[in-house]
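The next block is upload-v1.txt, given as compact mmCIF, C-alpha atoms and all ligand atoms.
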# COMPACT_ATOMS: atom_id res chain seq x y z
CA MET O 20 -26.73 -13.78 -4.89
CA SER O 21 -24.90 -16.88 -6.15
CA GLN O 22 -21.11 -16.86 -6.50
CA PRO O 23 -20.00 -15.78 -9.98
CA GLU O 24 -18.24 -18.42 -11.99
CA PHE O 25 -14.68 -17.53 -12.86
CA ASN O 26 -14.25 -18.55 -16.49
CA ALA O 27 -10.78 -17.25 -17.17
CA PRO O 28 -7.91 -19.72 -17.44
CA PRO O 29 -5.44 -19.08 -14.62
CA LYS O 30 -2.56 -17.77 -16.79
CA TYR O 31 -2.32 -15.50 -19.81
CA SER O 32 0.77 -15.19 -21.97
CA SER O 33 0.75 -11.42 -22.37
CA LEU O 34 -0.71 -8.27 -20.90
CA GLU O 35 -2.68 -7.76 -24.10
CA GLU O 36 -4.23 -11.19 -23.63
CA VAL O 37 -5.35 -10.51 -20.07
CA LEU O 38 -6.68 -7.06 -21.00
CA SER O 39 -8.70 -8.61 -23.79
CA ALA O 40 -9.98 -11.37 -21.45
CA ILE O 41 -11.08 -8.66 -19.02
CA ARG O 42 -12.97 -6.90 -21.79
CA GLY O 43 -14.73 -10.20 -22.58
CA MET O 44 -15.43 -11.29 -18.97
CA LYS O 45 -18.41 -13.60 -18.45
CA ASN O 46 -20.54 -13.48 -15.30
CA ASP O 47 -18.95 -10.17 -14.24
CA PRO O 48 -20.94 -9.14 -11.14
CA LEU O 49 -20.52 -5.50 -12.25
CA ALA O 50 -21.42 -6.20 -15.88
CA ASN O 51 -24.28 -3.71 -15.77
CA ALA O 52 -22.42 -1.11 -13.72
CA GLY O 53 -20.90 2.04 -15.15
CA THR O 54 -20.81 2.88 -18.81
CA ASN O 55 -17.16 2.08 -19.44
CA ILE O 56 -14.74 -0.65 -18.49
CA VAL O 57 -11.77 0.99 -16.76
CA ILE O 58 -8.67 -1.18 -16.55
CA SER O 59 -5.35 0.63 -16.48
CA ARG O 60 -3.17 3.55 -17.50
CA GLY O 61 0.54 4.30 -17.61
CA ASN O 62 3.58 2.47 -18.90
CA SER O 63 3.33 -1.32 -19.07
CA GLN O 64 7.17 -1.48 -18.78
CA ALA O 65 7.08 0.48 -15.51
CA LYS O 66 8.74 -0.90 -12.40
CA LEU O 67 6.14 0.63 -10.07
CA LEU O 68 2.58 -0.74 -10.09
CA ILE O 69 -0.25 0.95 -8.20
CA ILE O 70 -3.48 -0.87 -7.40
CA GLY O 71 -6.48 1.22 -6.34
CA GLU O 72 -10.05 0.49 -5.38
CA ALA O 73 -12.59 1.05 -8.18
CA PRO O 74 -13.29 3.62 -10.87
CA GLY O 75 -15.29 6.67 -9.82
CA THR O 76 -17.37 9.07 -11.90
CA GLN O 77 -14.51 10.70 -13.85
CA GLU O 78 -12.77 7.38 -14.42
CA ASN O 79 -16.01 5.89 -15.75
CA ILE O 80 -16.38 8.79 -18.18
CA GLN O 81 -12.77 8.77 -19.40
CA GLY O 82 -12.22 4.98 -19.26
CA LYS O 83 -8.95 5.39 -17.30
CA PRO O 84 -8.20 4.82 -13.60
CA PHE O 85 -7.30 7.64 -11.24
CA VAL O 86 -8.10 10.63 -13.44
CA GLY O 87 -10.53 12.39 -11.03
CA PRO O 88 -9.64 14.39 -7.88
CA ALA O 89 -8.06 11.38 -6.10
CA GLY O 90 -6.02 10.60 -9.20
CA GLN O 91 -4.80 14.17 -9.49
CA LEU O 92 -3.61 14.03 -5.89
CA LEU O 93 -1.98 10.64 -6.51
CA ASP O 94 -0.06 12.11 -9.47
CA LYS O 95 1.13 15.01 -7.28
CA ILE O 96 2.33 12.60 -4.59
CA LEU O 97 4.21 10.55 -7.19
CA GLN O 98 5.76 13.67 -8.71
CA ALA O 99 6.83 14.87 -5.26
CA ALA O 100 8.88 11.67 -5.01
CA ASN O 101 10.27 12.19 -8.52
CA PHE O 102 8.16 9.55 -10.24
CA ASN O 103 6.72 10.47 -13.62
CA PRO O 104 3.10 9.17 -13.51
CA GLU O 105 3.08 8.41 -17.25
CA LYS O 106 6.57 6.92 -17.63
CA ASP O 107 7.45 5.35 -14.28
CA VAL O 108 4.11 3.93 -13.18
CA TYR O 109 1.37 1.51 -14.29
CA ILE O 110 -1.96 2.01 -12.52
CA THR O 111 -4.91 -0.32 -12.17
CA ASN O 112 -7.77 -1.04 -9.74
CA SER O 113 -9.22 -3.92 -7.72
CA VAL O 114 -12.40 -3.89 -9.84
CA PHE O 115 -12.79 -2.55 -13.36
CA ARG O 116 -16.26 -1.03 -13.37
CA MET O 117 -17.77 1.72 -11.21
CA PRO O 118 -19.96 0.03 -8.56
CA PRO O 119 -23.38 1.71 -8.71
CA GLY O 120 -24.08 4.07 -5.82
CA ASP O 121 -26.94 3.85 -3.39
CA ASP O 122 -28.39 6.42 -0.96
CA GLY O 123 -27.98 9.12 -3.60
CA LYS O 124 -24.21 8.50 -3.89
CA ALA O 125 -22.57 8.34 -7.32
CA PHE O 126 -20.79 5.08 -6.50
CA ARG O 127 -20.15 2.68 -3.61
CA LYS O 128 -17.30 0.46 -2.44
CA PRO O 129 -16.99 -2.89 -4.21
CA THR O 130 -18.46 -5.85 -2.33
CA ASP O 131 -16.41 -8.86 -1.15
CA GLN O 132 -17.91 -10.91 -3.95
CA GLU O 133 -16.95 -8.33 -6.61
CA ILE O 134 -13.40 -8.10 -5.24
CA GLU O 135 -13.07 -11.90 -5.33
CA TYR O 136 -14.36 -12.14 -8.88
CA TYR O 137 -11.78 -9.65 -10.18
CA ARG O 138 -8.88 -10.87 -8.00
CA PRO O 139 -7.43 -13.43 -10.49
CA TYR O 140 -7.27 -10.74 -13.17
CA VAL O 141 -5.53 -8.33 -10.78
CA PHE O 142 -2.98 -11.05 -9.99
CA GLU O 143 -2.42 -11.69 -13.69
CA ILE O 144 -1.75 -7.97 -14.23
CA MET O 145 0.73 -8.06 -11.34
CA ARG O 146 2.48 -11.12 -12.80
CA LEU O 147 2.65 -9.78 -16.36
CA ILE O 148 3.75 -6.24 -15.48
CA ASP O 149 6.31 -7.82 -13.11
CA PRO O 150 7.20 -4.57 -11.30
CA LEU O 151 9.84 -4.13 -8.62
CA VAL O 152 7.38 -2.42 -6.28
CA ILE O 153 3.60 -2.60 -5.87
CA LEU O 154 1.60 0.00 -3.90
CA LEU O 155 -1.86 -0.89 -2.62
CA THR O 156 -3.93 2.23 -2.04
CA GLY O 157 -6.43 1.72 0.78
CA ASN O 158 -8.33 -1.20 2.25
CA VAL O 159 -10.03 -2.53 -0.87
CA ALA O 160 -6.68 -3.06 -2.64
CA CYS O 161 -5.32 -4.72 0.53
CA GLN O 162 -8.36 -6.99 0.61
CA SER O 163 -7.91 -7.87 -3.07
CA VAL O 164 -4.18 -8.61 -2.97
CA LEU O 165 -3.37 -9.47 0.66
CA LYS O 166 -6.83 -10.70 1.73
CA LYS O 167 -6.39 -8.40 4.72
CA SER O 168 -7.68 -5.01 5.76
CA GLY O 169 -6.71 -2.47 8.41
CA ILE O 170 -4.87 0.16 6.40
CA THR O 171 -3.88 2.20 9.46
CA THR O 172 -1.81 -0.75 10.68
CA LEU O 173 -0.72 -2.09 7.29
CA ARG O 174 0.42 1.19 5.69
CA GLY O 175 4.11 1.89 5.38
CA LYS O 176 5.13 -1.75 5.94
CA TRP O 177 6.82 -3.84 3.26
CA THR O 178 5.68 -7.38 2.42
CA GLN O 179 7.03 -9.66 -0.30
CA LEU O 180 4.59 -11.43 -2.59
CA ASP O 181 5.47 -13.57 -5.62
CA GLY O 182 8.87 -11.88 -5.88
CA HIS O 183 7.49 -8.34 -5.64
CA TRP O 184 7.97 -5.81 -2.87
CA LEU O 185 4.61 -4.53 -1.85
CA MET O 186 3.52 -1.68 0.43
CA PRO O 187 -0.02 -0.61 1.43
CA ILE O 188 -0.46 3.18 1.52
CA PHE O 189 -3.44 5.41 2.33
CA HIS O 190 -5.94 5.96 -0.45
CA PRO O 191 -5.63 9.50 -1.88
CA SER O 192 -9.40 10.03 -1.33
CA TYR O 193 -8.74 9.59 2.39
CA LEU O 194 -6.12 12.34 2.19
CA LEU O 195 -8.60 14.61 0.40
CA ARG O 196 -10.95 14.15 3.36
CA ASN O 197 -8.11 14.73 5.88
CA PRO O 198 -6.12 17.72 4.63
CA SER O 199 -4.12 18.41 7.85
CA ARG O 200 -0.33 18.31 7.46
CA GLU O 201 0.36 18.07 11.20
CA PRO O 202 2.91 15.44 12.31
CA TYR O 203 1.31 11.95 12.23
CA SER O 204 -1.63 13.20 10.13
CA PRO O 205 -2.49 10.91 7.16
CA LYS O 206 -0.82 13.39 4.77
CA SER O 207 2.40 13.50 6.74
CA LEU O 208 2.45 9.68 7.04
CA MET O 209 1.89 9.42 3.29
CA TRP O 210 4.91 11.63 2.74
CA ASP O 211 7.01 9.29 4.95
CA ASP O 212 5.71 6.30 3.00
CA ILE O 213 6.37 7.68 -0.47
CA ARG O 214 9.91 8.68 0.52
CA GLU O 215 10.50 5.11 1.72
CA VAL O 216 9.04 3.82 -1.58
CA ARG O 217 11.50 6.03 -3.51
CA ARG O 218 14.40 4.71 -1.41
CA LYS O 219 13.43 1.05 -1.90
CA TYR O 220 12.71 1.51 -5.61
CA ASP O 221 16.14 3.10 -6.20
CA ASP O 222 17.80 0.38 -4.20
CA LEU O 223 16.03 -2.43 -6.11
CA LEU O 224 16.65 -0.76 -9.45
CA ALA O 225 20.35 -0.38 -8.69
CA ASN O 226 20.55 -4.09 -7.86
CA SER O 227 18.50 -5.39 -10.79
CA VAL O 228 20.19 -6.46 -13.99
N1 LIG W 1 -10.20 5.71 -6.70
C1 LIG W 1 -9.66 4.51 -7.04
O1 LIG W 1 -9.34 3.71 -6.18
N2 LIG W 1 -9.46 4.24 -8.31
C2 LIG W 1 -9.75 5.09 -9.27
O2 LIG W 1 -9.53 4.76 -10.42
C3 LIG W 1 -10.31 6.34 -8.91
C4 LIG W 1 -10.53 6.62 -7.62
Is it possible to express this structure as structure tokens?
Ligand code: URA
Amino acid sequence: MSQPEFNAPPKYSSLEEVLSAIRGMKNDPLANAGTNIVISRGNSQAKLLIIGEAPGTQENIQGKPFVGPAGQLLDKILQAANFNPEKDVYITNSVFRMPPGDDGKAFRKPTDQEIEYYRPYVFEIMRLIDPLVILLTGNVACQSVLKKSGITTLRGKWTQLDGHWLMPIFHPSYLLRNPSREPYSPKSLMWDDIREVRRKYDDLLANSV
């Protein structure tokens, strides 16, 4: 398959403008995938931005990211750290349409080419939301934003990017598949990570004007 052309100008002047450009994307490699475009949910003034992988079945139906089982778990994790998922957080994905499944699966992971096509839009959302903290859930989000994967090594570590503090965390779907709460289990590591996120967020908020 040939590389998609990226038609969007590099910068938009508002979130509304980038959202409307996303809705009008040309050469979208997932143009025929899913029945809905699924871009974001939450508060655009939020200081915490979460970037996931791709919409799944429920997200495709409702047109909002993270509203299925993984999203419900994500909301619980946020609430456990005293974040209100509607007020304190803005949530988006690395690609904005559900990649069609194969082998009888409802959906598949986005390909490298799909991630690359959407990347400039994801970066524009990051720039225009301008949060204090960005969380990347799982390898696809790390690949989109950091051009790196290896979530087991990357998770829980802070990086700075374009003036934002950014931390990779496990994807909630991974936690659904690994329900143990034993020390060093994915769930217990997630709890460590979200507590650290709360600490950093409070610290940054206290020092911002
Ligand atoms: N998983 C994701 O990464 N994003 C969603 O929107 C739903 C499930």
Measuring between all atoms listed in the file, which one of O:Leu97, O:Met186, O:Leu147, O:Ile58 shows the shortest distance to ligand LIG 1 (chain W)?
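Looking at the shortest contact to ligand LIG 1 (chain W), the residue is O:Ile58.
From CA of Gly82 in chain O back to CA of Asp94 in chain O, the distance works out to 17.2 Å.
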Residues within 8 Å of ligand LIG 1 (chain W), counting all atoms listed in the file, as a ChimeraX atom specification
/O:57,70-75,77-78,83-90,111-113,156-157,190-192
Within 10 Å of Glu135 in chain O, counting only C-alpha atoms, which residues qualify if same-chain residues fewer than 4 places away don't, as a list in words?
Gln22, Pro23, Phe25, Ser113, Val114, Pro129, Thr130, Asp131, Pro139, Tyr140, Val141, Gln162, Ser163, Val164 and Lys166 of chain O
Protein, DNA and RNA residues within 6 Å of (5.0, -4.5, -4.8), only C-alpha atoms, as a ChimeraX atom specification:
/O:152-154,183-185
If we count only C-alpha atoms and set the cut-off at 8 Å, which residues sit around Ile170 in chain O, ignoring sequence neighbours fewer than 3 positions away in its own chain? Please answer as a list in words.
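Final neighbour list, sorted by chain and number: Gly157, Asn158, Cys161, Leu173, Arg174, Pro187, Ile188 and Phe189 of chain O.
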Could range 168-179 of chain O be completed with all heavy atoms and returned as a JSON list (two decimals), keeping the file's coordinate frame?
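After the write, out.json holds the following:
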[["chain", "number", "residue", "atom", "x", "y", "z"],
["O", 168, "SER", "N", -7.44, -6.45, 5.74],
["O", 168, "SER", "CA", -7.68, -5.01, 5.76],
["O", 168, "SER", "C", -7.18, -4.45, 7.09],
["O", 168, "SER", "O", -6.72, -5.20, 7.94],
["O", 168, "SER", "CB", -9.15, -4.68, 5.51],
["O", 168, "SER", "OG", -9.93, -5.27, 6.48],
["O", 169, "GLY", "N", -7.26, -3.14, 7.23],
["O", 169, "GLY", "CA", -6.71, -2.47, 8.41],
["O", 169, "GLY", "C", -5.57, -1.58, 7.96],
["O", 169, "GLY", "O", -4.43, -1.73, 8.38],
["O", 170, "ILE", "N", -5.89, -0.65, 7.07],
["O", 170, "ILE", "CA", -4.87, 0.16, 6.40],
["O", 170, "ILE", "C", -4.03, 0.97, 7.39],
["O", 170, "ILE", "O", -2.84, 1.17, 7.18],
["O", 170, "ILE", "CB", -5.50, 1.07, 5.30],
["O", 170, "ILE", "CG1", -4.45, 1.76, 4.44],
["O", 170, "ILE", "CG2", -6.48, 2.08, 5.86],
["O", 170, "ILE", "CD1", -3.64, 0.84, 3.58],
["O", 171, "THR", "N", -4.64, 1.39, 8.50],
["O", 171, "THR", "CA", -3.88, 2.20, 9.46],
["O", 171, "THR", "C", -2.71, 1.40, 10.02],
["O", 171, "THR", "O", -1.63, 1.95, 10.28],
["O", 171, "THR", "CB", -4.81, 2.66, 10.61],
["O", 171, "THR", "OG1", -6.06, 3.01, 10.02],
["O", 171, "THR", "CG2", -4.27, 3.83, 11.35],
["O", 172, "THR", "N", -2.89, 0.10, 10.20],
["O", 172, "THR", "CA", -1.81, -0.75, 10.68],
["O", 172, "THR", "C", -0.90, -1.23, 9.54],
["O", 172, "THR", "O", 0.31, -1.31, 9.71],
["O", 172, "THR", "CB", -2.41, -2.01, 11.37],
["O", 172, "THR", "OG1", -3.49, -1.59, 12.18],
["O", 172, "THR", "CG2", -1.38, -2.76, 12.18],
["O", 173, "LEU", "N", -1.51, -1.50, 8.39],
["O", 173, "LEU", "CA", -0.72, -2.09, 7.29],
["O", 173, "LEU", "C", 0.16, -1.07, 6.57],
["O", 173, "LEU", "O", 1.22, -1.41, 6.05],
["O", 173, "LEU", "CB", -1.66, -2.73, 6.26],
["O", 173, "LEU", "CG", -2.49, -3.93, 6.72],
["O", 173, "LEU", "CD1", -3.53, -4.30, 5.65],
["O", 173, "LEU", "CD2", -1.59, -5.12, 6.99],
["O", 174, "ARG", "N", -0.27, 0.20, 6.52],
["O", 174, "ARG", "CA", 0.42, 1.19, 5.69],
["O", 174, "ARG", "C", 1.89, 1.36, 6.10],
["O", 174, "ARG", "O", 2.23, 1.24, 7.27],
["O", 174, "ARG", "CB", -0.30, 2.56, 5.72],
["O", 174, "ARG", "CG", -0.35, 3.22, 7.07],
["O", 174, "ARG", "CD", -0.05, 4.70, 7.03],
["O", 174, "ARG", "NE", 1.35, 4.97, 6.98],
["O", 174, "ARG", "CZ", 2.15, 4.99, 8.05],
["O", 174, "ARG", "NH1", 1.71, 4.72, 9.25],
["O", 174, "ARG", "NH2", 3.44, 5.28, 7.89],
["O", 175, "GLY", "N", 2.70, 1.60, 5.10],
["O", 175, "GLY", "CA", 4.11, 1.89, 5.38],
["O", 175, "GLY", "C", 4.95, 0.66, 5.66],
["O", 175, "GLY", "O", 6.15, 0.78, 5.88],
["O", 176, "LYS", "N", 4.34, -0.53, 5.63],
["O", 176, "LYS", "CA", 5.13, -1.75, 5.94],
["O", 176, "LYS", "C", 5.31, -2.57, 4.66],
["O", 176, "LYS", "O", 4.35, -2.82, 3.93],
["O", 176, "LYS", "CB", 4.41, -2.61, 6.98],
["O", 176, "LYS", "CG", 4.28, -1.89, 8.31],
["O", 176, "LYS", "CD", 3.73, -2.80, 9.39],
["O", 176, "LYS", "CE", 3.60, -2.03, 10.69],
["O", 176, "LYS", "NZ", 2.23, -1.91, 11.17],
["O", 177, "TRP", "N", 6.53, -3.02, 4.44],
["O", 177, "TRP", "CA", 6.82, -3.84, 3.26],
["O", 177, "TRP", "C", 6.43, -5.29, 3.49],
["O", 177, "TRP", "O", 6.61, -5.81, 4.59],
["O", 177, "TRP", "CB", 8.31, -3.80, 2.94],
["O", 177, "TRP", "CG", 8.80, -2.48, 2.40],
["O", 177, "TRP", "CD1", 9.62, -1.61, 3.03],
["O", 177, "TRP", "CD2", 8.50, -1.92, 1.12],
["O", 177, "TRP", "NE1", 9.86, -0.52, 2.23],
["O", 177, "TRP", "CE2", 9.19, -0.69, 1.04],
["O", 177, "TRP", "CE3", 7.74, -2.32, 0.03],
["O", 177, "TRP", "CZ2", 9.12, 0.14, -0.07],
["O", 177, "TRP", "CZ3", 7.67, -1.49, -1.08],
["O", 177, "TRP", "CH2", 8.35, -0.29, -1.13],
["O", 178, "THR", "N", 5.91, -5.93, 2.44],
["O", 178, "THR", "CA", 5.68, -7.38, 2.42],
["O", 178, "THR", "C", 6.24, -7.85, 1.09],
["O", 178, "THR", "O", 6.26, -7.08, 0.13],
["O", 178, "THR", "CB", 4.17, -7.73, 2.29],
["O", 178, "THR", "OG1", 3.39, -6.77, 2.93],
["O", 178, "THR", "CG2", 3.84, -9.12, 2.75],
["O", 179, "GLN", "N", 6.64, -9.10, 1.00],
["O", 179, "GLN", "CA", 7.03, -9.66, -0.30],
["O", 179, "GLN", "C", 5.97, -10.64, -0.77],
["O", 179, "GLN", "O", 5.47, -11.44, 0.05],
["O", 179, "GLN", "CB", 8.37, -10.35, -0.20],
["O", 179, "GLN", "CG", 9.51, -9.37, -0.43],
["O", 179, "GLN", "CD", 10.82, -10.07, -0.53],
["O", 179, "GLN", "OE1", 11.32, -10.58, 0.46],
["O", 179, "GLN", "NE2", 11.36, -10.12, -1.74]]
